[in-house]
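Chemist: Here you go, this is input-v4.pdb (PDB, C-alpha atoms and all ligand atoms).
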```
ATOM      1  CA  MET A   1      -8.081  -4.780 -22.004
ATOM      2  CA  ARG A   2     -10.509  -2.046 -23.060
ATOM      3  CA  ARG A   3     -13.498  -4.022 -21.842
ATOM      4  CA  ALA A   4     -11.825  -4.528 -18.478
ATOM      5  CA  HIS A   5     -11.282  -0.787 -18.278
ATOM      6  CA  LEU A   6     -14.921  -0.163 -19.155
ATOM      7  CA  VAL A   7     -16.323  -2.226 -16.329
ATOM      8  CA  GLY A   8     -13.784  -0.929 -13.838
ATOM      9  CA  LEU A   9     -12.390  -4.325 -13.096
ATOM     10  CA  VAL A  10      -9.365  -6.242 -14.086
ATOM     11  CA  VAL A  11      -9.761  -9.540 -15.837
ATOM     12  CA  SER A  12      -7.522 -12.215 -14.356
ATOM     13  CA  ALA A  13      -4.787 -13.862 -16.341
ATOM     14  CA  LEU A  14      -6.956 -16.973 -16.351
ATOM     15  CA  ALA A  15      -9.924 -15.154 -17.814
ATOM     16  CA  LEU A  16      -7.697 -13.394 -20.332
ATOM     17  CA  SER A  17      -6.277 -16.672 -21.518
ATOM     18  CA  ALA A  18      -9.838 -17.826 -22.139
ATOM     19  CA  CYS A  19     -10.626 -14.817 -24.353
ATOM     20  CA  SER A  20     -12.623 -15.839 -27.384
ATOM     21  CA  GLY A  21     -13.393 -14.045 -30.634
ATOM     22  CA  GLU A  22     -16.711 -13.013 -29.094
ATOM     23  CA  ASP A  23     -14.908 -11.392 -26.149
ATOM     24  CA  GLU A  24     -12.673  -9.499 -28.532
ATOM     25  CA  ALA A  25     -15.740  -8.198 -30.360
ATOM     26  CA  LYS A  26     -17.171  -6.988 -27.023
ATOM     27  CA  SER A  27     -13.844  -5.354 -26.142
ATOM     28  CA  ALA A  28     -14.330  -3.020 -29.112
ATOM     29  CA  ARG A  29     -17.107  -1.373 -27.065
ATOM     30  CA  SER A  30     -16.357   2.171 -25.912
ATOM     31  CA  PRO A  31     -16.532   2.705 -22.146
ATOM     32  CA  LEU A  32     -19.294   5.208 -22.843
ATOM     33  CA  ASP A  33     -21.422   2.762 -24.833
ATOM     34  CA  PRO A  34     -24.450   1.863 -22.701
ATOM     35  CA  TYR A  35     -25.490  -1.740 -22.421
ATOM     36  CA  PRO A  36     -28.800  -2.297 -24.212
ATOM     37  CA  SER A  37     -31.997  -2.405 -22.178
ATOM     38  CA  THR A  38     -32.900  -5.860 -20.889
ATOM     39  CA  GLY A  39     -36.537  -4.846 -20.379
ATOM     40  CA  VAL A  40     -36.163  -6.029 -16.760
ATOM     41  CA  ILE A  41     -37.455  -3.719 -14.001
ATOM     42  CA  ARG A  42     -35.905  -4.322 -10.560
ATOM     43  CA  GLU A  43     -37.876  -2.723  -7.720
ATOM     44  CA  PHE A  44     -36.560  -2.058  -4.212
ATOM     45  CA  ASP A  45     -38.491  -0.777  -1.176
ATOM     46  CA  PHE A  46     -36.289   0.917   1.411
ATOM     47  CA  THR A  47     -37.346   2.518   4.668
ATOM     48  CA  VAL A  48     -35.038   5.041   6.319
ATOM     49  CA  GLU A  49     -34.996   4.493  10.073
ATOM     50  CA  ASP A  50     -33.217   5.761  13.187
ATOM     51  CA  VAL A  51     -31.440   2.762  14.694
ATOM     52  CA  LEU A  52     -28.884   1.933  17.344
ATOM     53  CA  TRP A  53     -26.223   0.113  15.328
ATOM     54  CA  GLU A  54     -23.633  -2.162  16.917
ATOM     55  CA  VAL A  55     -20.315  -1.370  15.199
ATOM     56  CA  GLY A  56     -18.471  -3.888  17.378
ATOM     57  CA  PRO A  57     -18.756  -5.462  20.827
ATOM     58  CA  GLY A  58     -19.811  -2.675  23.173
ATOM     59  CA  ALA A  59     -19.733   0.023  20.460
ATOM     60  CA  VAL A  60     -23.247   1.334  19.793
ATOM     61  CA  TYR A  61     -23.777   4.062  17.233
ATOM     62  CA  GLU A  62     -26.689   6.430  16.835
ATOM     63  CA  ALA A  63     -27.291   5.599  13.172
ATOM     64  CA  VAL A  64     -29.761   6.428  10.443
ATOM     65  CA  ALA A  65     -30.047   3.515   8.063
ATOM     66  CA  TYR A  66     -31.740   2.178   4.945
ATOM     67  CA  ASP A  67     -33.900  -0.725   6.173
ATOM     68  CA  GLY A  68     -32.249  -0.573   9.584
ATOM     69  CA  GLN A  69     -28.886  -1.873   8.369
ATOM     70  CA  VAL A  70     -25.483  -0.301   7.728
ATOM     71  CA  PRO A  71     -24.652  -0.385   4.858
ATOM     72  CA  GLY A  72     -28.142  -0.483   3.350
ATOM     73  CA  PRO A  73     -29.127  -3.595   1.389
ATOM     74  CA  PRO A  74     -27.127  -4.056  -1.833
ATOM     75  CA  ILE A  75     -28.871  -2.927  -5.001
ATOM     76  CA  GLU A  76     -27.770  -5.772  -7.268
ATOM     77  CA  VAL A  77     -28.936  -5.773 -10.874
ATOM     78  CA  GLY A  78     -27.832  -6.635 -14.402
ATOM     79  CA  ALA A  79     -26.432  -4.168 -16.934
ATOM     80  CA  GLY A  80     -29.359  -2.822 -18.943
ATOM     81  CA  ASP A  81     -31.919  -3.300 -16.134
ATOM     82  CA  ARG A  82     -34.171  -0.484 -14.976
ATOM     83  CA  VAL A  83     -33.950   0.135 -11.205
ATOM     84  CA  VAL A  84     -36.876   1.579  -9.245
ATOM     85  CA  VAL A  85     -36.267   2.431  -5.588
ATOM     86  CA  HIS A  86     -39.212   3.411  -3.395
ATOM     87  CA  LEU A  87     -37.867   5.282  -0.385
ATOM     88  CA  THR A  88     -40.019   5.875   2.692
ATOM     89  CA  ASN A  89     -38.541   8.136   5.321
ATOM     90  CA  ALA A  90     -39.502   6.933   8.806
ATOM     91  CA  SER A  91     -36.506   8.654  10.398
ATOM     92  CA  SER A  92     -36.311  11.964  12.212
ATOM     93  CA  GLN A  93     -34.342  13.781   9.494
ATOM     94  CA  PRO A  94     -34.700  14.466   5.740
ATOM     95  CA  ALA A  95     -33.252  11.649   3.631
ATOM     96  CA  SER A  96     -32.696  10.674   0.026
ATOM     97  CA  LEU A  97     -31.009   8.094  -2.149
ATOM     98  CA  HIS A  98     -28.538   9.224  -4.792
ATOM     99  CA  THR A  99     -26.336   7.042  -6.976
ATOM    100  CA  HIS A 100     -23.466   7.287  -9.446
ATOM    101  CA  VAL A 101     -22.884   6.393 -13.113
ATOM    102  CA  SER A 102     -26.364   4.913 -13.756
ATOM    103  CA  ALA A 103     -28.488   7.133 -16.029
ATOM    104  CA  PHE A 104     -31.416   9.011 -14.506
ATOM    105  CA  ALA A 105     -33.507  12.165 -14.835
ATOM    106  CA  ALA A 106     -32.985  15.100 -12.460
ATOM    107  CA  GLU A 107     -35.999  14.108 -10.319
ATOM    108  CA  SER A 108     -34.270  10.791  -9.536
ATOM    109  CA  ASP A 109     -31.012  12.410  -8.446
ATOM    110  CA  GLY A 110     -31.807  12.272  -4.723
ATOM    111  CA  THR A 111     -31.474  16.040  -4.470
ATOM    112  CA  GLY A 112     -34.087  18.819  -4.551
ATOM    113  CA  ASP A 113     -37.519  17.229  -5.037
ATOM    114  CA  GLY A 114     -35.903  13.809  -4.590
ATOM    115  CA  ILE A 115     -35.468  14.439  -0.856
ATOM    116  CA  ALA A 116     -38.057  12.857   1.457
ATOM    117  CA  GLU A 117     -38.913  14.790   4.605
ATOM    118  CA  PRO A 118     -39.738  12.689   7.692
ATOM    119  CA  GLY A 119     -42.972  10.815   6.955
ATOM    120  CA  GLU A 120     -42.717  11.300   3.175
ATOM    121  CA  SER A 121     -41.943   8.863   0.353
ATOM    122  CA  VAL A 122     -40.094   9.372  -2.932
ATOM    123  CA  THR A 123     -39.340   7.087  -5.883
ATOM    124  CA  MET A 124     -36.070   7.041  -7.808
ATOM    125  CA  THR A 125     -35.813   5.475 -11.273
ATOM    126  CA  TRP A 126     -32.461   4.694 -12.909
ATOM    127  CA  ASP A 127     -31.215   2.806 -15.915
ATOM    128  CA  ALA A 128     -28.200   0.717 -14.883
ATOM    129  CA  LEU A 129     -26.526   1.016 -18.261
ATOM    130  CA  TYR A 130     -22.935   0.423 -17.137
ATOM    131  CA  PRO A 131     -21.537  -2.563 -15.214
ATOM    132  CA  GLY A 132     -19.405  -2.113 -12.116
ATOM    133  CA  THR A 133     -19.645  -1.286  -8.428
ATOM    134  CA  PHE A 134     -20.938   2.116  -7.344
ATOM    135  CA  PRO A 135     -22.092   3.851  -4.165
ATOM    136  CA  TYR A 136     -25.581   4.891  -3.255
ATOM    137  CA  HIS A 137     -26.055   7.332  -0.417
ATOM    138  CA  ASP A 138     -28.075  10.088   1.171
ATOM    139  CA  HIS A 139     -27.892  13.521  -0.438
ATOM    140  CA  ALA A 140     -30.300  15.400   1.842
ATOM    141  CA  ASP A 141     -27.478  16.221   4.240
ATOM    142  CA  GLU A 142     -24.250  15.158   2.583
ATOM    143  CA  VAL A 143     -22.174  15.040   5.762
ATOM    144  CA  ASP A 144     -24.659  13.937   8.396
ATOM    145  CA  GLY A 145     -26.492  11.270   6.377
ATOM    146  CA  MET A 146     -23.410   9.396   5.230
ATOM    147  CA  ALA A 147     -21.656   9.771   8.590
ATOM    148  CA  HIS A 148     -24.658   8.095  10.226
ATOM    149  CA  GLY A 149     -25.003   5.109   7.934
ATOM    150  CA  LEU A 150     -27.072   6.186   4.924
ATOM    151  CA  PHE A 151     -24.996   4.469   2.257
ATOM    152  CA  GLY A 152     -24.705   1.214   0.360
ATOM    153  CA  ALA A 153     -23.414  -0.430  -2.807
ATOM    154  CA  VAL A 154     -24.908  -0.719  -6.260
ATOM    155  CA  ILE A 155     -23.661  -3.825  -8.052
ATOM    156  CA  VAL A 156     -24.268  -3.995 -11.780
ATOM    157  CA  HIS A 157     -23.299  -7.306 -13.348
ATOM    158  CA  ALA A 158     -22.139  -7.411 -16.963
ATOM    159  CA  PRO A 159     -23.843 -10.188 -18.928
ATOM    160  CA  GLU A 160     -20.441 -11.639 -19.858
ATOM    161  CA  GLU A 161     -19.103 -11.538 -16.270
ATOM    162  CA  VAL A 162     -17.086 -14.601 -15.209
ATOM    163  CA  PRO A 163     -18.559 -16.287 -12.067
ATOM    164  CA  ALA A 164     -16.547 -15.513  -8.913
ATOM    165  CA  THR A 165     -16.693 -15.384  -5.144
ATOM    166  CA  GLU A 166     -17.800 -11.810  -4.550
ATOM    167  CA  HIS A 167     -16.749  -9.580  -1.652
ATOM    168  CA  VAL A 168     -18.556  -6.253  -1.314
ATOM    169  CA  VAL A 169     -16.843  -3.812   1.055
ATOM    170  CA  VAL A 170     -18.144  -0.327   1.869
ATOM    171  CA  LEU A 171     -15.598   1.922   3.609
ATOM    172  CA  ALA A 172     -17.046   4.649   5.837
ATOM    173  CA  ASP A 173     -16.111   7.007   8.657
ATOM    174  CA  PHE A 174     -18.213   7.496  11.773
ATOM    175  CA  VAL A 175     -18.317  10.401  14.204
ATOM    176  CA  GLN A 176     -16.974   9.385  17.591
ATOM    177  CA  SER A 177     -19.193  11.822  19.517
ATOM    178  CA  ASP A 178     -22.319  10.149  18.081
ATOM    179  CA  TYR A 179     -21.679   6.837  19.802
ATOM    180  CA  VAL A 180     -24.108   6.213  22.638
ATOM    181  CA  GLN A 181     -21.606   3.706  23.989
ATOM    182  CA  LEU A 182     -17.915   3.150  23.289
ATOM    183  CA  PRO A 183     -15.695   0.462  24.772
ATOM    184  CA  GLY A 184     -12.995   1.635  27.101
ATOM    185  CA  THR A 185     -12.330   5.243  27.828
ATOM    186  CA  LEU A 186     -10.323   7.927  26.100
ATOM    187  CA  ASP A 187      -7.469   7.375  28.534
ATOM    188  CA  PRO A 188      -4.988   5.024  26.835
ATOM    189  CA  GLY A 189      -4.684   1.642  28.481
ATOM    190  CA  GLU A 190      -7.829   1.877  30.577
ATOM    191  CA  THR A 191     -10.490  -0.754  30.213
ATOM    192  CA  THR A 192     -14.140  -0.964  31.210
ATOM    193  CA  ASP A 193     -16.535  -3.881  31.381
ATOM    194  CA  VAL A 194     -17.550  -3.319  27.737
ATOM    195  CA  GLY A 195     -14.108  -3.705  26.216
ATOM    196  CA  THR A 196     -10.657  -2.375  25.677
ATOM    197  CA  TYR A 197      -9.673   1.096  24.634
ATOM    198  CA  ARG A 198      -8.323   0.973  21.084
ATOM    199  CA  GLY A 199      -6.765   4.414  20.646
ATOM    200  CA  GLY A 200      -7.822   7.918  19.768
ATOM    201  CA  HIS A 201      -9.558   6.882  16.526
ATOM    202  CA  GLN A 202     -11.376   3.896  18.009
ATOM    203  CA  TYR A 203     -14.508   2.892  16.054
ATOM    204  CA  MET A 204     -14.248   5.875  13.692
ATOM    205  CA  HIS A 205     -13.403   3.869  10.570
ATOM    206  CA  THR A 206     -15.484   0.961   9.333
ATOM    207  CA  PHE A 207     -15.790  -1.824   6.772
ATOM    208  CA  ASN A 208     -19.454  -2.593   6.050
ATOM    209  CA  GLY A 209     -20.584  -0.684   9.139
ATOM    210  CA  LYS A 210     -18.402  -2.732  11.485
ATOM    211  CA  ALA A 211     -14.967  -2.254  13.022
ATOM    212  CA  TYR A 212     -12.005  -4.492  13.982
ATOM    213  CA  GLY A 213     -11.633  -8.241  13.721
ATOM    214  CA  ASP A 214     -14.180  -8.828  16.476
ATOM    215  CA  GLY A 215     -16.791  -6.745  14.644
ATOM    216  CA  ILE A 216     -16.156  -7.379  10.927
ATOM    217  CA  PRO A 217     -16.999 -10.938   9.806
ATOM    218  CA  PRO A 218     -13.980 -12.495   8.040
ATOM    219  CA  PHE A 219     -13.980 -12.493   4.261
ATOM    220  CA  LEU A 220     -13.849 -16.098   3.036
ATOM    221  CA  GLY A 221     -12.044 -17.431  -0.018
ATOM    222  CA  GLN A 222     -10.899 -20.746  -1.415
ATOM    223  CA  VAL A 223      -7.799 -21.642  -3.418
ATOM    224  CA  GLY A 224      -8.690 -22.129  -7.068
ATOM    225  CA  ASP A 225     -11.655 -19.770  -7.017
ATOM    226  CA  LEU A 226     -11.745 -16.376  -8.686
ATOM    227  CA  GLN A 227     -12.156 -13.687  -6.008
ATOM    228  CA  ARG A 228     -13.897 -10.485  -7.048
ATOM    229  CA  TRP A 229     -13.702  -7.513  -4.688
ATOM    230  CA  ARG A 230     -16.157  -4.646  -5.020
ATOM    231  CA  ILE A 231     -14.992  -1.679  -2.963
ATOM    232  CA  VAL A 232     -16.936   1.526  -2.336
ATOM    233  CA  SER A 233     -15.672   4.424  -0.210
ATOM    234  CA  VAL A 234     -18.272   6.842   1.150
ATOM    235  CA  GLY A 235     -16.463   8.321   4.104
ATOM    236  CA  LEU A 236     -15.149  11.699   5.116
ATOM    237  CA  GLU A 237     -11.550  10.715   4.430
ATOM    238  CA  PHE A 238      -9.494   8.943   1.798
ATOM    239  CA  HIS A 239      -8.732   5.284   2.320
ATOM    240  CA  THR A 240      -6.674   2.528   0.832
ATOM    241  CA  PHE A 241      -7.707  -1.120   0.632
ATOM    242  CA  HIS A 242      -4.846  -3.509   1.198
ATOM    243  CA  ILE A 243      -4.915  -7.317   1.233
ATOM    244  CA  HIS A 244      -1.850  -9.142   2.544
ATOM    245  CA  GLY A 245      -0.303 -11.941   0.473
ATOM    246  CA  HIS A 246      -2.121 -11.128  -2.770
ATOM    247  CA  ARG A 247      -1.765  -8.973  -5.859
ATOM    248  CA  TRP A 248      -3.902  -7.883  -8.761
ATOM    249  CA  LEU A 249      -4.136  -5.361 -11.574
ATOM    250  CA  ASP A 250      -5.949  -2.152 -10.685
ATOM    251  CA  ALA A 251      -8.430  -0.430 -13.005
ATOM    252  CA  THR A 252      -5.555   1.229 -14.879
ATOM    253  CA  GLY A 253      -3.683  -2.040 -15.356
ATOM    254  CA  VAL A 254      -1.022  -1.439 -12.693
ATOM    255  CA  LEU A 255       0.093  -4.335 -10.477
ATOM    256  CA  THR A 256      -0.784  -3.606  -6.848
ATOM    257  CA  ASP A 257      -1.893  -5.012  -3.512
ATOM    258  CA  ASN A 258      -3.266  -1.713  -2.216
ATOM    259  CA  VAL A 259      -5.845   0.482  -3.964
ATOM    260  CA  PHE A 260      -6.486   4.144  -3.218
ATOM    261  CA  LEU A 261     -10.060   5.396  -2.847
ATOM    262  CA  MET A 262     -11.049   9.007  -2.449
ATOM    263  CA  PRO A 263     -14.387   9.860  -0.789
ATOM    264  CA  GLY A 264     -17.066   8.761  -3.256
ATOM    265  CA  GLY A 265     -14.572   6.464  -4.991
ATOM    266  CA  TYR A 266     -15.212   2.905  -6.075
ATOM    267  CA  THR A 267     -13.401   0.083  -7.802
ATOM    268  CA  THR A 268     -13.732  -3.568  -8.705
ATOM    269  CA  PHE A 269     -10.827  -5.971  -9.003
ATOM    270  CA  GLU A 270     -10.268  -9.690  -9.023
ATOM    271  CA  PHE A 271      -7.605 -12.349  -8.712
ATOM    272  CA  LEU A 272      -7.372 -16.105  -8.913
ATOM    273  CA  GLU A 273      -6.876 -17.330  -5.350
ATOM    274  CA  ASP A 274      -3.624 -19.268  -4.847
ATOM    275  CA  ASN A 275      -2.501 -18.491  -1.311
ATOM    276  CA  PRO A 276      -4.176 -20.228   1.661
ATOM    277  CA  GLY A 277      -4.019 -18.753   5.141
ATOM    278  CA  ASP A 278      -5.417 -16.069   7.403
ATOM    279  CA  TRP A 279      -4.560 -12.704   5.871
ATOM    280  CA  PRO A 280      -4.983  -9.193   7.278
ATOM    281  CA  VAL A 281      -7.152  -6.851   5.178
ATOM    282  CA  HIS A 282      -7.000  -3.196   6.114
ATOM    283  CA  CYS A 283      -6.830   0.454   5.203
ATOM    284  CA  HIS A 284      -3.169   1.438   5.104
ATOM    285  CA  VAL A 285      -3.655   4.814   6.809
ATOM    286  CA  PRO A 286      -2.313   4.095  10.315
ATOM    287  CA  ASP A 287      -5.045   6.047  12.165
ATOM    288  CA  HIS A 288      -7.698   4.218  10.156
ATOM    289  CA  MET A 289      -6.215   0.792  10.947
ATOM    290  CA  GLU A 290      -6.139   1.725  14.597
ATOM    291  CA  GLY A 291      -9.634   3.172  14.229
ATOM    292  CA  GLY A 292     -11.311  -0.020  13.016
ATOM    293  CA  MET A 293     -10.459  -0.722   9.378
ATOM    294  CA  MET A 294      -8.749  -3.993  10.176
ATOM    295  CA  ALA A 295     -10.279  -7.304   9.136
ATOM    296  CA  GLU A 296      -9.308 -10.822   8.111
ATOM    297  CA  TYR A 297      -9.424 -12.715   4.825
ATOM    298  CA  VAL A 298      -9.493 -16.465   5.491
ATOM    299  CA  VAL A 299      -8.439 -18.580   2.506
ATOM    300  CA  SER A 300      -9.085 -22.327   2.642
ATOM    301  CA  PRO A 301      -6.689 -24.640   0.787
TER     302      PRO A 301
HETATM  303 CU    CU B   1      -8.446   4.691   5.644
END
```
Turn this file's structure into structure tokens for me.
Modeler:
Amino acid sequence: MRRAHLVGLVVSALALSACSGEDEAKSARSPLDPYPSTGVIREFDFTVEDVLWEVGPGAVYEAVAYDGQVPGPPIEVGAGDRVVVHLTNASSQPASLHTHVSAFAAESDGTGDGIAEPGESVTMTWDALYPGTFPYHDHADEVDGMAHGLFGAVIVHAPEEVPATEHVVVLADFVQSDYVQLPGTLDPGETTDVGTYRGGHQYMHTFNGKAYGDGIPPFLGQVGDLQRWRIVSVGLEFHTFHIHGHRWLDATGVLTDNVFLMPGGYTTFEFLEDNPGDWPVHCHVPDHMEGGMMAEYVVSP
């Protein structure tokens, strides 16, 4: 199980039963042992832009985004790859791109000289030495940048990773006063022509930059397939990630159906799908459920 701990994910019972001598040799690796360089350089060009982002029907947010999308595009690489991100700031505020766990020099930290003023460009270089799922996010203004959409996921695949259906979910909190349009009004029960009032926290809490079942596309799974969930939390508050009708081992080996993520937290877990149906997926903090972190996981037989 040490290898599973290293990569921050839990190997399913199926995968465990398939463990070979080679796997056991790899499991002797310390979590701090870097994966060797692959010699591969993966380059990404991101532009930071001011955008009006639709969080759900009738909910329009004054966002700042990498490449105009919230979250920014995934940075998906292999363990041992070098990652080069060219960041051009076409927005109205300073911006940067900072990540976690990958190895980098201070100038690629997304702080200090790594911050791009409006109109400037910076380049970040990392070595993705450790597999797992991690956040990337703005570090020019730690509160404002992330609250307006400057975040995304870094996915580092281990070479020995078992193929799976992958679900990447970034949990974030938005500032209600920065919506240019919100459905309903703040008077409970009232409706307008752009939608229904959803409570005091409406549209404040998001999965992948979207809120509620009419904003968040359903996650899709199929019985018999391994489902790998990559969860990153970049918000202002703590969240949990709960999937109905399923269970898995968390990164510490504890059986659960609900994982806790602090701000800046991240985890990867997986299970072999065996339960068809339409299942709620949500944060278990009641205000956050009411505020938008409520989605659906549709499992085909
Ligand atoms: Cu929450």
Chemist: Please find the residues contacting ligand CU 1 (chain B) at a distance of at most 8 Å between atoms, with all atoms listed in the file counted, and report them as a list in words.
Modeler: Leu171, His205, Glu237, Phe238, His239, Thr240, Phe241, Cys283, His284, Val285, Pro286, Asp287, His288, Met289 and Met293 of chain A
Chemist: Between A:Ile115, A:Ala59, A:Ala251, A:Leu220, which is the closest to Gln202 (chain A) once you count only C-alpha atoms?
Modeler: A:Ala59
Chemist: Find the residues near region 70-81 of chain A: any atom within 7 Å, counting all atoms listed in the file, skip ones fewer than 3 places away on the same chain, and give them as a VMD selection string.
Modeler: chain A and resid 35 to 42 65 to 67 127 to 131 149 to 159 208 to 209
Chemist: Using only C-alpha atoms, pick whichever of A:Val232, A:Glu49, A:Leu226, A:Thr252 has the shortest atom-to-atom distance to Glu161 (chain A).
Modeler: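 Ranked by minimum distance to Glu161 (chain A), first place goes to A:Leu226.
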Chemist: For Met124 (chain A), find every residue with an atom within 9 Å (counting only C-alpha atoms), except residues of its own chain fewer than 4 positions away, and show them as number ranges by chain.
Modeler: A: 83-87, 97-98, 104, 107-110, 114
Chemist: Separation of CA of Pro280 (chain A) and CA of Met294 (chain A), in Å?
Modeler: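 Result for CA of Pro280 (chain A) versus CA of Met294 (chain A): 7.0 Å, one decimal.
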Chemist: Determine the nearest neighbour of Arg228 (chain A) from the options A:Arg29, A:His167, A:Arg82, A:His244, counting all atoms listed in the file.
Modeler: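 With all atoms listed in the file as the atom set, the closest residue is A:His167.
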Chemist: For Glu273 (chain A), which residue out of A:Tyr197, A:Asn258, A:Pro301, A:Pro31 is the nearest one, using only C-alpha atoms?
Modeler: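 That would be A:Pro301, the residue with the smallest distance to Glu273 (chain A).
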Chemist: Evaluating the PyMOL selection byres (((chain A and resi 267) around 9) and not hetatm) on the displayed file yields which residues, as number ranges by chain?
Modeler: A: 8-9, 132-134, 229-232, 250-251, 259, 261, 265-266, 268-269
Chemist: Would you mind exporting the chosen residues as a CSV table (one decimal), keeping the file's coordinate frame, restricted to C-alpha atoms?
Modeler:
```csv
chain,number,residue,atom,x,y,z
A,8,GLY,CA,-13.8,-0.9,-13.8
A,9,LEU,CA,-12.4,-4.3,-13.1
A,132,GLY,CA,-19.4,-2.1,-12.1
A,133,THR,CA,-19.6,-1.3,-8.4
A,134,PHE,CA,-20.9,2.1,-7.3
A,229,TRP,CA,-13.7,-7.5,-4.7
A,230,ARG,CA,-16.2,-4.6,-5.0
A,231,ILE,CA,-15.0,-1.7,-3.0
A,232,VAL,CA,-16.9,1.5,-2.3
A,250,ASP,CA,-5.9,-2.2,-10.7
A,251,ALA,CA,-8.4,-0.4,-13.0
A,259,VAL,CA,-5.8,0.5,-4.0
A,261,LEU,CA,-10.1,5.4,-2.8
A,265,GLY,CA,-14.6,6.5,-5.0
A,266,TYR,CA,-15.2,2.9,-6.1
A,268,THR,CA,-13.7,-3.6,-8.7
A,269,PHE,CA,-10.8,-6.0,-9.0
```
Chemist: Name the residues in contact with Glu117 (chain A) at a cut-off of 9 Å, using all atoms listed in the file, excluding same-chain residues fewer than 3 positions from it; report them as a list of chain:residue names.
Modeler: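 Once the adjacent positions are removed, what remains is A:Asn89, A:Ala90, A:Ser91, A:Ser92, A:Gln93, A:Pro94, A:Ala95, A:Ser96, A:Glu120, A:Ser121.
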